[in-house]
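So this block is query_19.txt, compact mmCIF, C-alpha atoms (C1' of nucleotides):
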```txt
# COMPACT_ATOMS: atom_id res chain seq x y z
CA MET H 103 108.73 122.72 85.71
CA LYS H 104 106.71 120.10 83.90
CA TRP H 105 105.24 117.27 85.92
CA ASP H 106 107.18 114.64 83.98
CA ASP H 107 110.46 116.20 85.06
CA ILE H 108 109.97 115.28 88.71
CA GLN H 109 111.31 111.81 88.09
CA GLU H 110 114.74 113.39 87.67
CA LEU H 111 114.80 114.68 91.23
CA PRO H 112 116.99 112.86 93.75
CA CYS H 113 113.89 111.93 95.74
CA SER H 114 112.24 108.55 95.97
CA ILE H 115 108.83 110.09 96.54
CA ALA H 116 109.15 112.12 93.35
CA ARG H 117 110.32 109.07 91.41
CA THR H 118 107.45 107.02 92.78
CA LEU H 119 104.93 109.70 91.93
CA ALA H 120 106.32 109.89 88.41
CA VAL H 121 105.11 106.29 88.02
CA ILE H 122 101.93 106.05 90.10
CA GLY H 123 101.11 109.73 90.66
CA ASP H 124 98.79 109.99 87.68
CA ARG H 125 95.04 110.01 87.87
CA TRP H 126 93.65 106.46 87.82
CA THR H 127 96.97 104.64 87.93
CA LEU H 128 96.76 103.64 91.59
CA MET H 129 93.07 102.85 91.24
CA ILE H 130 94.00 100.36 88.53
CA VAL H 131 96.63 98.81 90.78
CA ARG H 132 94.07 98.67 93.58
CA ASP H 133 91.71 96.83 91.28
CA CYS H 134 94.45 94.31 90.51
CA PHE H 135 94.79 93.58 94.22
CA LEU H 136 91.04 93.02 94.32
CA GLY H 137 91.31 90.48 91.53
CA SER H 138 90.79 92.30 88.24
CA ARG H 139 92.92 91.20 85.36
CA ARG H 140 91.20 92.21 82.15
CA PHE H 141 90.50 95.38 80.25
CA GLU H 142 86.72 95.14 80.43
CA GLN H 143 86.88 94.32 84.11
CA PHE H 144 88.94 97.39 84.95
CA GLN H 145 86.78 99.55 82.75
CA LYS H 146 83.57 98.37 84.35
CA ASN H 147 84.83 98.50 87.94
CA LEU H 148 86.46 101.90 87.67
CA GLY H 149 84.36 103.74 85.15
CA ILE H 150 87.54 105.12 83.59
CA SER H 151 87.37 105.99 79.90
CA ARG H 152 88.62 103.22 77.65
CA HIS H 153 91.09 105.61 76.08
CA ARG H 154 92.67 106.48 79.41
CA LEU H 155 92.61 102.89 80.63
CA SER H 156 94.40 101.65 77.56
CA GLU H 157 97.10 104.25 77.99
CA ARG H 158 97.52 103.63 81.74
CA LEU H 159 97.72 99.86 81.36
CA GLY H 160 100.43 100.39 78.75
CA LYS H 161 102.33 102.64 81.08
CA LEU H 162 102.05 100.20 83.97
CA VAL H 163 103.39 97.44 81.73
CA ASP H 164 106.21 99.70 80.50
CA TYR H 165 107.19 100.41 84.09
CA GLY H 166 107.10 96.73 84.99
CA ILE H 167 104.27 96.99 87.50
CA LEU H 168 101.97 94.83 85.42
CA ARG H 169 102.85 92.19 82.86
CA LYS H 170 100.72 90.79 80.07
CA VAL H 171 100.00 87.07 80.28
CA PRO H 172 98.12 85.45 77.36
CA TYR H 173 94.92 83.73 78.40
CA GLN H 174 93.91 82.69 74.86
CA ASP H 175 95.18 82.88 71.32
CA SER H 176 92.95 83.68 68.35
CA PRO H 177 92.31 86.31 69.00
CA LEU H 178 95.36 86.74 71.19
CA ARG H 179 94.23 88.20 74.50
CA TYR H 180 96.08 89.06 77.66
CA ASP H 181 95.53 89.21 81.38
CA TYR H 182 97.23 92.05 83.17
CA ARG H 183 98.92 90.74 86.29
CA LEU H 184 100.89 92.35 89.06
CA THR H 185 104.61 91.74 88.98
CA ARG H 186 106.75 91.63 92.10
CA LYS H 187 107.31 95.36 91.61
CA GLY H 188 103.54 95.79 91.52
CA VAL H 189 102.86 93.67 94.58
CA ASP H 190 105.44 95.77 96.39
CA LEU H 191 103.02 98.69 96.13
CA TYR H 192 100.82 96.97 98.69
CA PRO H 193 102.17 99.00 101.64
CA VAL H 194 101.49 102.24 99.76
CA LEU H 195 97.88 101.26 99.10
CA MET H 196 97.33 99.98 102.61
CA ALA H 197 98.75 103.16 104.09
CA MET H 198 96.18 105.05 102.02
CA VAL H 199 93.46 102.69 103.19
CA HIS H 200 94.28 103.41 106.80
CA TRP H 201 94.40 107.15 106.22
CA GLY H 202 91.11 107.05 104.34
CA ASP H 203 89.51 104.91 107.02
CA THR H 204 90.68 107.35 109.67
CA TRP H 205 89.99 110.68 108.01
CA MET H 206 87.60 110.21 105.13
CA ASP H 207 84.88 107.85 106.36
CA GLU H 208 82.47 110.69 107.19
CA GLY H 209 81.41 108.93 110.35
CA ARG H 210 80.22 105.84 108.55
CA GLY H 211 83.13 103.63 109.53
CA ALA H 212 85.53 101.77 107.26
CA PRO H 213 83.96 100.36 104.09
CA LEU H 214 86.23 97.32 104.29
CA LEU H 215 87.83 95.54 107.22
CA TYR H 216 91.08 93.63 107.00
CA THR H 217 91.89 90.40 108.77
CA HIS H 218 95.38 89.09 109.42
CA SER H 219 95.09 85.36 108.83
CA ARG H 220 98.17 84.68 110.94
CA CYS H 221 96.54 86.01 114.09
CA GLY H 222 92.90 86.03 113.00
CA GLN H 223 92.29 89.60 114.09
CA THR H 224 90.98 92.67 112.34
CA MET H 225 93.85 95.05 111.77
CA HIS H 226 95.39 97.84 109.81
CA LEU H 227 99.01 98.19 108.77
CA GLU H 228 101.29 100.04 111.16
CA PRO H 229 104.70 101.35 110.16
CA HIS H 230 107.41 99.65 112.16
CA CYS H 231 111.18 100.09 112.14
CA SER H 232 112.78 97.49 109.89
CA ALA H 233 115.80 97.44 112.19
CA CYS H 234 114.35 97.15 115.69
CA GLY H 235 110.76 96.22 114.91
CA GLU H 236 109.23 98.92 117.09
CA LYS H 237 106.37 101.10 115.96
CA VAL H 238 107.76 104.33 114.49
CA ASP H 239 106.76 107.89 115.29
CA PRO H 240 107.63 110.42 112.55
CA ARG H 241 109.44 112.57 115.12
CA ASP H 242 111.86 109.73 115.78
CA VAL H 243 113.11 109.62 112.21
CA GLY H 244 116.21 111.50 111.12
CA LEU H 245 117.44 111.65 107.55
CA HIS H 246 120.79 112.10 105.88
CA PRO H 247 122.20 111.75 102.38
CA GLY H 248 122.51 108.22 101.05
CA PRO H 249 124.64 106.64 98.30
CA GLY H 250 122.28 107.94 95.64
CA TRP H 251 122.52 111.55 96.77
CA PRO H 252 124.12 113.57 93.93
CA GLN H 253 127.69 114.56 94.80
CA SER H 254 127.14 117.86 93.08
CA LEU H 255 124.56 118.91 95.66
CA PRO H 256 125.26 119.97 99.22
CA ALA H 257 124.05 117.67 102.00
CA GLU H 258 120.55 118.45 103.14
CA LYS H 259 119.87 119.71 106.56
CA SER H 260 118.32 117.01 108.68
CA THR H 261 114.65 117.55 109.34
CA SER H 262 111.77 115.49 110.66
CA MET Z 60 83.26 108.80 85.12
CA LYS Z 61 84.98 112.03 86.04
CA TRP Z 62 87.97 111.82 88.31
CA ASP Z 63 86.33 113.94 90.99
CA ASP Z 64 83.53 111.40 91.34
CA ILE Z 65 85.83 108.75 92.77
CA GLN Z 66 85.51 110.22 96.23
CA GLU Z 67 81.94 108.91 96.28
CA LEU Z 68 83.07 105.30 96.02
CA PRO Z 69 82.91 103.16 99.16
CA CYS Z 70 86.69 102.75 99.06
CA SER Z 71 89.24 104.38 101.28
CA ILE Z 72 91.87 104.34 98.58
CA ALA Z 73 89.55 106.22 96.23
CA ARG Z 74 88.68 108.74 98.94
CA THR Z 75 92.33 109.23 99.75
CA LEU Z 76 93.24 109.72 96.11
CA ALA Z 77 90.46 112.26 95.75
CA VAL Z 78 92.42 114.38 98.23
CA ILE Z 79 96.08 113.65 97.50
CA GLY Z 80 95.90 112.01 94.09
CA ASP Z 81 96.47 115.22 92.14
CA ARG Z 82 99.68 116.21 90.50
CA TRP Z 83 101.91 118.07 92.97
CA THR Z 84 99.73 117.64 96.03
CA LEU Z 85 101.83 114.93 97.65
CA MET Z 86 105.02 116.69 96.63
CA ILE Z 87 103.83 119.72 98.57
CA VAL Z 88 103.09 117.55 101.60
CA ARG Z 89 106.52 115.98 101.24
CA ASP Z 90 108.06 119.42 101.25
CA CYS Z 91 106.21 120.20 104.47
CA PHE Z 92 107.79 117.16 106.12
CA LEU Z 93 111.15 118.45 104.95
CA GLY Z 94 110.51 121.78 106.64
CA SER Z 95 108.93 124.09 104.07
CA ARG Z 96 106.21 126.36 105.32
CA ARG Z 97 105.90 129.29 102.93
CA PHE Z 98 104.67 129.93 99.44
CA GLU Z 99 108.00 131.03 98.02
CA GLN Z 100 109.74 128.10 99.65
CA PHE Z 101 107.42 125.54 98.08
CA GLN Z 102 107.58 127.28 94.76
CA LYS Z 103 111.36 127.35 94.72
CA ASN Z 104 111.84 123.79 95.98
CA LEU Z 105 109.30 122.18 93.69
CA GLY Z 106 109.38 124.33 90.57
CA ILE Z 107 105.58 124.17 90.45
CA SER Z 108 103.83 127.10 88.77
CA ARG Z 109 102.64 129.76 91.21
CA HIS Z 110 99.15 129.40 89.90
CA ARG Z 111 98.99 125.70 90.58
CA LEU Z 112 100.73 126.03 93.94
CA SER Z 113 98.26 128.62 95.12
CA GLU Z 114 95.36 126.41 94.17
CA ARG Z 115 96.85 123.25 95.71
CA LEU Z 116 97.68 124.97 98.99
CA GLY Z 117 94.11 126.19 99.16
CA LYS Z 118 92.82 122.70 98.55
CA LEU Z 119 95.10 121.22 101.21
CA VAL Z 120 93.84 123.82 103.68
CA ASP Z 121 90.22 123.11 102.69
CA TYR Z 122 90.75 119.41 103.33
CA GLY Z 123 92.37 120.10 106.70
CA ILE Z 124 95.77 118.72 105.79
CA LEU Z 125 97.48 122.08 106.15
CA ARG Z 126 96.45 125.04 108.27
CA LYS Z 127 97.44 128.67 107.88
CA VAL Z 128 99.29 130.16 110.84
CA PRO Z 129 100.10 133.91 110.74
CA TYR Z 130 103.80 134.65 111.06
CA GLN Z 131 103.40 138.43 110.71
CA ASP Z 132 100.72 141.02 110.31
CA SER Z 133 101.02 143.99 107.97
CA PRO Z 134 101.02 142.62 105.52
CA LEU Z 135 99.32 139.63 107.00
CA ARG Z 136 101.26 136.55 106.01
CA TYR Z 137 100.81 132.88 106.77
CA ASP Z 138 102.86 129.77 107.28
CA TYR Z 139 101.35 126.57 105.97
CA ARG Z 140 101.69 123.87 108.59
CA LEU Z 141 100.76 120.22 108.70
CA THR Z 142 97.76 119.38 110.83
CA ARG Z 143 97.40 116.05 112.61
CA LYS Z 144 95.55 114.86 109.53
CA GLY Z 145 98.55 115.94 107.46
CA VAL Z 146 101.12 114.32 109.71
CA ASP Z 147 99.11 111.12 109.45
CA LEU Z 148 100.12 110.97 105.78
CA TYR Z 149 103.64 110.10 106.90
CA PRO Z 150 103.17 106.33 106.43
CA VAL Z 151 101.90 106.92 102.89
CA LEU Z 152 104.94 108.99 101.99
CA MET Z 153 107.37 106.62 103.66
CA ALA Z 154 105.83 103.64 101.90
CA MET Z 155 106.50 105.51 98.65
CA VAL Z 156 110.04 106.26 99.75
CA HIS Z 157 110.74 102.60 100.31
CA TRP Z 158 109.21 101.61 97.00
CA GLY Z 159 111.18 104.30 95.18
CA ASP Z 160 114.37 103.30 96.97
CA THR Z 161 113.80 99.68 95.98
CA TRP Z 162 112.62 100.03 92.40
CA MET Z 163 113.50 103.46 91.09
CA ASP Z 164 117.06 104.16 92.22
CA GLU Z 165 118.56 103.09 88.88
CA GLY Z 166 121.42 101.36 90.66
CA ARG Z 167 122.57 104.51 92.39
CA GLY Z 168 121.24 103.59 95.83
CA ALA Z 169 118.80 105.54 97.96
CA PRO Z 170 119.14 109.34 97.78
CA LEU Z 171 118.27 109.63 101.46
CA LEU Z 172 118.77 107.30 104.40
CA TYR Z 173 116.52 107.23 107.42
CA THR Z 174 117.62 106.68 111.00
CA HIS Z 175 115.38 105.54 113.82
CA SER Z 176 116.53 107.61 116.78
CA ARG Z 177 115.10 105.06 119.23
CA CYS Z 178 117.45 102.34 118.10
CA GLY Z 179 120.01 104.40 116.21
CA GLN Z 180 119.90 102.27 113.10
CA THR Z 181 119.28 102.98 109.45
CA MET Z 182 115.87 101.65 108.53
CA HIS Z 183 112.83 101.79 106.35
CA LEU Z 184 109.23 101.43 107.41
CA GLU Z 185 107.78 97.94 107.37
CA PRO Z 186 104.07 97.22 107.49
CA HIS Z 187 103.18 95.30 110.64
CA CYS Z 188 99.88 93.99 111.91
CA SER Z 189 98.35 96.46 114.35
CA ALA Z 190 96.84 93.57 116.27
CA CYS Z 191 99.69 91.09 116.69
CA GLY Z 192 102.66 93.23 115.71
CA GLU Z 193 104.06 90.76 113.21
CA LYS Z 194 105.29 91.78 109.78
CA VAL Z 195 102.47 91.37 107.26
CA ASP Z 196 102.56 89.59 103.92
CA PRO Z 197 99.84 90.70 101.46
CA ARG Z 198 98.77 87.08 101.00
CA ASP Z 199 97.91 86.86 104.69
CA VAL Z 200 95.33 89.61 104.51
CA GLY Z 201 91.65 88.86 104.01
CA LEU Z 202 89.00 91.51 103.60
CA HIS Z 203 85.29 91.72 104.29
CA PRO Z 204 82.67 94.48 104.41
CA GLY Z 205 82.92 96.91 107.29
CA PRO Z 206 80.44 99.24 108.97
CA GLY Z 207 80.85 101.78 106.18
CA TRP Z 208 80.00 99.31 103.43
CA PRO Z 209 76.78 100.47 101.74
CA GLN Z 210 73.85 98.23 102.67
CA SER Z 211 72.52 98.59 99.16
CA LEU Z 212 75.50 96.75 97.72
CA PRO Z 213 76.14 93.01 97.94
CA ALA Z 214 79.11 91.89 100.04
CA GLU Z 215 82.33 91.66 98.04
CA LYS Z 216 84.01 88.39 97.51
CA SER Z 217 87.10 88.11 99.66
CA THR Z 218 90.29 88.50 97.68
CA SER Z 219 93.93 89.08 98.47
C1' DT K 194 76.23 81.89 54.88
C1' DA K 195 74.88 86.13 57.18
C1' DT K 196 74.24 88.29 61.40
C1' DT K 197 75.28 89.07 66.07
C1' DC K 198 78.38 88.96 69.99
C1' DT K 199 82.62 89.59 72.74
C1' DA K 200 87.01 91.52 74.13
C1' DA K 201 90.23 94.88 73.55
C1' DG K 202 91.40 98.44 71.92
C1' DT K 203 91.57 103.40 68.60
C1' DT K 204 89.89 107.72 66.75
C1' DC K 205 87.91 111.97 67.16
C1' DC K 206 86.57 116.01 69.33
C1' DG K 207 85.02 119.14 72.90
C1' DT K 208 86.17 120.18 77.94
C1' DT K 209 89.44 120.61 81.95
C1' DT K 210 93.63 121.07 83.89
C1' DA K 211 98.34 122.45 83.75
C1' DG K 212 102.38 125.66 82.85
C1' DG K 213 104.52 130.01 82.36
C1' DA K 214 105.03 134.89 82.03
C1' DA K 215 103.48 139.15 83.49
C1' DC K 216 100.94 141.89 86.68
C1' DT K 217 99.00 143.30 91.49
C1' DT K 218 98.92 144.40 96.42
C1' DG K 219 100.65 145.86 100.79
C1' DT K 220 104.46 147.07 103.24
C1' DA K 221 109.36 147.78 104.57
C1' DA K 222 114.00 149.18 103.40
C1' DA K 223 117.38 152.00 100.83
C1' DT A 278 111.10 158.14 95.74
C1' DT A 279 112.47 154.12 94.16
C1' DT A 280 113.42 149.29 95.03
C1' DA A 281 112.59 144.96 97.16
C1' DC A 282 109.83 141.21 99.09
C1' DA A 283 106.19 137.88 99.82
C1' DA A 284 102.14 136.06 98.27
C1' DG A 285 99.23 135.75 95.32
C1' DT A 286 96.13 136.69 90.42
C1' DT A 287 95.40 137.15 85.50
C1' DC A 288 95.76 135.68 81.09
C1' DC A 289 96.91 132.78 77.44
C1' DT A 290 98.72 128.61 75.22
C1' DA A 291 99.56 123.59 75.62
C1' DA A 292 98.70 119.12 77.40
C1' DA A 293 95.60 115.77 79.57
C1' DC A 294 91.08 114.00 80.15
C1' DG A 295 86.18 112.11 79.07
C1' DG A 296 82.89 110.15 76.26
C1' DA A 297 80.87 108.45 72.14
C1' DA A 298 81.57 106.09 68.07
C1' DC A 299 84.30 103.08 65.36
C1' DT A 300 87.60 99.02 64.43
C1' DT A 301 89.43 94.35 64.50
C1' DA A 302 89.54 89.41 64.92
C1' DG A 303 87.50 85.68 65.75
C1' DA A 304 83.25 82.78 67.93
C1' DA A 305 78.59 81.80 68.33
C1' DT A 306 74.04 81.82 66.60
C1' DA A 307 70.15 81.81 63.13
```
Representation of the structure as structure tokens:
Amino acid sequence: MKWDDIQELPCSIARTLAVIGDRWTLMIVRDCFLGSRRFEQFQKNLGISRHRLSERLGKLVDYGILRKVPYQDSPLRYDYRLTRKGVDLYPVLMAMVHWGDTWMDEGRGAPLLYTHSRCGQTMHLEPHCSACGEKVDPRDVGLHPGPGWPQSLPAEKSTS
Amino acid sequence: MKWDDIQELPCSIARTLAVIGDRWTLMIVRDCFLGSRRFEQFQKNLGISRHRLSERLGKLVDYGILRKVPYQDSPLRYDYRLTRKGVDLYPVLMAMVHWGDTWMDEGRGAPLLYTHSRCGQTMHLEPHCSACGEKVDPRDVGLHPGPGWPQSLPAEKSTS
DNA sequence: TATTCTAAGTTCCGTTTAGGAACTTGTAAA
DNA sequence: TTTACAAGTTCCTAAACGGAACTTAGAATA
């Protein structure tokens, strides 16, 4: 199976990875959250090849994660800005931040700390149940087929 | 810059992507959460080439995300099981699930639904503040250098 | 007016990584 | 004795990546 075919699977992780599962793509999105908007800025911050960057930005625009907003005409030039769909990737990135802080800091501690302005405290993001608001343990999650599960396939057995 | 060099950056997202940012790697981890433990099982479920699978499993073991547990000797054979480090990737995967459910369902609805056994309701994972417990909006998060921020670099300006 | 500069890409080409089919190894079952 | 099974390896072609040089359109400078 080719990598590009995974977006056809009835699986939201596969469909998400089909969009942001490429090398560099999430790093570009990360850079947007840190304030980058322009080609040269991304290129300088990330050290990605211009060729690759150009292609990835195009893909992110095609998928509606970034949109091009003119910041001058003659020559016409665009900022790349996160759309709502792009901003919605925040929990994915922050989940990675927490995992990296926990497991990949090599004893040096987190490179960045996050402050919740509502409560003023340093924090990380914790997954809570959208229904009851409690913190969720993976073992307390059951799954079953939803409306988008293909009728042609048998129901999956319920695991973790 | 080569992709493999990103793990040197003082950024937990980069360090996380250095481990799970490859094609197929997160799909394999996903399959683990769904109950797969053996080579043939992964290969059949994912359609990944045996070559690639073998290499990715080895990498996941090297990074301590999976561990090999013998399930028979003669011939000696192993299950691949999630370690604590691997289980900790759950929030990353579930954040992707929610994003995929929201933006990539093509109007068909979520392929899978998740139930929180504590409260019995269908849910998704919401990012909450680990300090105050409230739901977090990206605009309410400020960042500043942490203990792992290299002393040689100037402090970053605080963005989103 | 001619030259240089800036931003945002494209082109080209050699290197890596991926994908797929066939083959291997050790053992158990028919 | 042959077949089957599980878990890889080998080998070869195709696709993706990385880096340097080049392009384009206009602005600024000499």
Compile a residue-level contact table for chain A against chain Z at a cut-off of 12 Å, reporting for every qualifying residue the shortest atom pair and its distance in Å to one decimal, with all atoms listed in the file counted, rows ordered by chain and ascending number, as a tab-separated table.
```
residue	atom	partner	partner_atom	distance
A:DC282	C1'	Z:Glu99	CA	10.4
A:DA283	C1'	Z:Glu99	CA	7.3
A:DA284	C1'	Z:Phe98	CA	6.7
A:DG285	C1'	Z:Ser113	CA	7.2
A:DT286	C1'	Z:His110	CA	7.9
A:DT287	C1'	Z:His110	CA	9.7
A:DC288	C1'	Z:His110	CA	11.3
A:DA293	C1'	Z:Arg82	CA	11.7
A:DC294	C1'	Z:Lys61	CA	8.7
A:DG295	C1'	Z:Lys61	CA	7.1
A:DG296	C1'	Z:Met60	CA	9.0
```
What residues in chain K have any atom no more than 8 Å from chain Z when counting only C-alpha atoms (C1' of nucleotides), and can you write them as a PDB file with C-alpha atoms (C1' of nucleotides), in the frame of the given file?
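part.pdb, written as the output of this step:
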```pdb
ATOM      1  C1'  DA K 211      98.340 122.450  83.750  1.00  0.00           C
ATOM      2  C1'  DG K 212     102.380 125.660  82.850  1.00  0.00           C
ATOM      3  C1'  DG K 213     104.520 130.010  82.360  1.00  0.00           C
ATOM      4  C1'  DG K 219     100.650 145.860 100.790  1.00  0.00           C
ATOM      5  C1'  DT K 220     104.460 147.070 103.240  1.00  0.00           C
TER       6       DT K 220
END
```
Enclose all atoms of segment 125-128 of chain Z listed in the file in an axis-aligned box, grow every side by 4 Å, and hand back centre and edge lengths in Å to one decimal, as AutoDock Vina command-line options.
```
--center_x 97.9 --center_y 126.1 --center_z 108.5 --size_x 10.8 --size_y 16.1 --size_z 12.7
```
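Using all atoms listed in the file, the residues found no farther than 7 Å from Leu214 of chain H, other than those of its own chain fewer than 4 positions away, are Leu202, His203, Pro204, Gly205 and Trp208 of chain Z.
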Give me the least-squares superposed chain Z (reference chain H; all C-alpha atoms paired in order) as a compact mmCIF listing (two decimals) with C-alpha atoms, keeping the file's coordinate frame.
```txt
# COMPACT_ATOMS: atom_id res chain seq x y z
CA MET Z 60 108.73 122.69 85.76
CA LYS Z 61 106.69 120.10 83.93
CA TRP Z 62 105.24 117.28 85.96
CA ASP Z 63 107.15 114.64 84.02
CA ASP Z 64 110.45 116.20 85.07
CA ILE Z 65 109.97 115.28 88.71
CA GLN Z 66 111.31 111.81 88.10
CA GLU Z 67 114.75 113.39 87.67
CA LEU Z 68 114.80 114.67 91.23
CA PRO Z 69 116.99 112.84 93.75
CA CYS Z 70 113.89 111.91 95.75
CA SER Z 71 112.22 108.56 95.98
CA ILE Z 72 108.83 110.09 96.55
CA ALA Z 73 109.16 112.12 93.35
CA ARG Z 74 110.30 109.05 91.41
CA THR Z 75 107.44 107.03 92.79
CA LEU Z 76 104.91 109.70 91.92
CA ALA Z 77 106.30 109.89 88.41
CA VAL Z 78 105.09 106.30 88.01
CA ILE Z 79 101.92 106.08 90.09
CA GLY Z 80 101.07 109.73 90.64
CA ASP Z 81 98.73 109.99 87.66
CA ARG Z 82 95.00 110.03 87.84
CA TRP Z 83 93.64 106.47 87.78
CA THR Z 84 96.96 104.66 87.90
CA LEU Z 85 96.75 103.66 91.56
CA MET Z 86 93.07 102.87 91.20
CA ILE Z 87 93.98 100.37 88.50
CA VAL Z 88 96.62 98.82 90.76
CA ARG Z 89 94.06 98.68 93.55
CA ASP Z 90 91.70 96.85 91.25
CA CYS Z 91 94.44 94.33 90.51
CA PHE Z 92 94.79 93.60 94.22
CA LEU Z 93 91.04 93.06 94.32
CA GLY Z 94 91.29 90.50 91.54
CA SER Z 95 90.77 92.31 88.24
CA ARG Z 96 92.90 91.19 85.36
CA ARG Z 97 91.20 92.21 82.13
CA PHE Z 98 90.49 95.37 80.23
CA GLU Z 99 86.72 95.13 80.42
CA GLN Z 100 86.89 94.32 84.10
CA PHE Z 101 88.94 97.41 84.93
CA GLN Z 102 86.80 99.55 82.72
CA LYS Z 103 83.58 98.38 84.32
CA ASN Z 104 84.83 98.53 87.91
CA LEU Z 105 86.46 101.94 87.66
CA GLY Z 106 84.34 103.78 85.10
CA ILE Z 107 87.54 105.12 83.54
CA SER Z 108 87.36 105.98 79.83
CA ARG Z 109 88.61 103.20 77.57
CA HIS Z 110 91.08 105.56 76.03
CA ARG Z 111 92.66 106.47 79.33
CA LEU Z 112 92.58 102.88 80.59
CA SER Z 113 94.38 101.62 77.53
CA GLU Z 114 97.09 104.21 77.94
CA ARG Z 115 97.50 103.64 81.70
CA LEU Z 116 97.71 99.87 81.33
CA GLY Z 117 100.41 100.36 78.74
CA LYS Z 118 102.31 102.65 81.05
CA LEU Z 119 102.03 100.22 83.96
CA VAL Z 120 103.38 97.45 81.72
CA ASP Z 121 106.20 99.71 80.51
CA TYR Z 122 107.19 100.44 84.10
CA GLY Z 123 107.10 96.75 84.99
CA ILE Z 124 104.27 97.02 87.48
CA LEU Z 125 101.95 94.86 85.41
CA ARG Z 126 102.83 92.19 82.88
CA LYS Z 127 100.70 90.80 80.08
CA VAL Z 128 99.99 87.08 80.29
CA PRO Z 129 98.10 85.45 77.38
CA TYR Z 130 94.90 83.73 78.45
CA GLN Z 131 93.90 82.68 74.91
CA ASP Z 132 95.18 82.85 71.39
CA SER Z 133 92.97 83.62 68.41
CA PRO Z 134 92.31 86.28 69.03
CA LEU Z 135 95.32 86.70 71.21
CA ARG Z 136 94.21 88.15 74.51
CA TYR Z 137 96.06 89.07 77.66
CA ASP Z 138 95.53 89.20 81.38
CA TYR Z 139 97.22 92.06 83.19
CA ARG Z 140 98.93 90.74 86.28
CA LEU Z 141 100.89 92.36 89.06
CA THR Z 142 104.62 91.77 88.96
CA ARG Z 143 106.74 91.64 92.10
CA LYS Z 144 107.31 95.35 91.60
CA GLY Z 145 103.53 95.79 91.51
CA VAL Z 146 102.87 93.67 94.57
CA ASP Z 147 105.44 95.77 96.39
CA LEU Z 148 103.01 98.70 96.12
CA TYR Z 149 100.82 96.97 98.69
CA PRO Z 150 102.17 99.00 101.64
CA VAL Z 151 101.49 102.23 99.74
CA LEU Z 152 97.90 101.25 99.08
CA MET Z 153 97.33 99.98 102.60
CA ALA Z 154 98.77 103.14 104.09
CA MET Z 155 96.19 105.02 102.01
CA VAL Z 156 93.46 102.67 103.18
CA HIS Z 157 94.26 103.40 106.79
CA TRP Z 158 94.39 107.13 106.21
CA GLY Z 159 91.09 107.04 104.33
CA ASP Z 160 89.51 104.89 107.02
CA THR Z 161 90.67 107.34 109.67
CA TRP Z 162 89.98 110.67 108.02
CA MET Z 163 87.59 110.19 105.13
CA ASP Z 164 84.88 107.83 106.36
CA GLU Z 165 82.47 110.68 107.17
CA GLY Z 166 81.39 108.92 110.35
CA ARG Z 167 80.21 105.83 108.53
CA GLY Z 168 83.13 103.63 109.54
CA ALA Z 169 85.52 101.78 107.26
CA PRO Z 170 83.98 100.34 104.08
CA LEU Z 171 86.25 97.31 104.30
CA LEU Z 172 87.85 95.52 107.22
CA TYR Z 173 91.10 93.63 106.98
CA THR Z 174 91.93 90.40 108.78
CA HIS Z 175 95.41 89.10 109.43
CA SER Z 176 95.11 85.37 108.83
CA ARG Z 177 98.19 84.69 110.98
CA CYS Z 178 96.56 86.00 114.11
CA GLY Z 179 92.93 86.04 113.02
CA GLN Z 180 92.31 89.60 114.09
CA THR Z 181 91.00 92.67 112.36
CA MET Z 182 93.87 95.05 111.79
CA HIS Z 183 95.42 97.83 109.82
CA LEU Z 184 99.03 98.17 108.79
CA GLU Z 185 101.32 100.02 111.16
CA PRO Z 186 104.72 101.36 110.18
CA HIS Z 187 107.45 99.65 112.18
CA CYS Z 188 111.20 100.09 112.15
CA SER Z 189 112.80 97.49 109.90
CA ALA Z 190 115.82 97.42 112.18
CA CYS Z 191 114.37 97.14 115.69
CA GLY Z 192 110.78 96.23 114.92
CA GLU Z 193 109.26 98.93 117.10
CA LYS Z 194 106.39 101.12 115.96
CA VAL Z 195 107.78 104.34 114.48
CA ASP Z 196 106.78 107.90 115.29
CA PRO Z 197 107.63 110.44 112.56
CA ARG Z 198 109.45 112.59 115.12
CA ASP Z 199 111.88 109.74 115.78
CA VAL Z 200 113.12 109.63 112.22
CA GLY Z 201 116.22 111.50 111.13
CA LEU Z 202 117.45 111.65 107.56
CA HIS Z 203 120.81 112.12 105.90
CA PRO Z 204 122.21 111.75 102.38
CA GLY Z 205 122.52 108.23 101.05
CA PRO Z 206 124.62 106.64 98.33
CA GLY Z 207 122.26 107.94 95.66
CA TRP Z 208 122.52 111.55 96.79
CA PRO Z 209 124.12 113.56 93.97
CA GLN Z 210 127.70 114.54 94.83
CA SER Z 211 127.15 117.86 93.12
CA LEU Z 212 124.58 118.90 95.69
CA PRO Z 213 125.30 119.97 99.27
CA ALA Z 214 124.08 117.66 102.04
CA GLU Z 215 120.55 118.48 103.20
CA LYS Z 216 119.92 119.69 106.65
CA SER Z 217 118.36 116.98 108.76
CA THR Z 218 114.68 117.55 109.37
CA SER Z 219 111.79 115.50 110.66
```
Notebook entry, point to check: What is the distance, in Å and to one decimal place, between atom CA of Ile130 of chain H and atom CA of Phe144 of chain H?
Noted result: 6.9 Å
Margin query: If we count all atoms listed in the file and set the cut-off at 10 Å, which residues sit around DC299 of chain A, ignoring sequence neighbours fewer than 2 positions away in its own chain? Please answer as a count of residues only.
Written below: 4
Next item on the list: Give as a VMD selection string the set of residues within 8 Å of the point (81.4, 90.4, 65.4), where distances use the file's coordinates and only C-alpha atoms (C1' of nucleotides).
Entry: (chain K and resid 197 to 199) or (chain A and resid 303)
Next item on the list: Would you work out the distance separating atom CA of Gln210 of chain Z from atom CA of Gln143 of chain H, expressed in Å to one decimal?
Entry: 23.0 Å
Next item on the list: Enter the distance from atom C1' of DA307 of chain A to atom C1' of DT196 of chain K, in Å, rounded to one decimal.
Entry: 7.9 Å
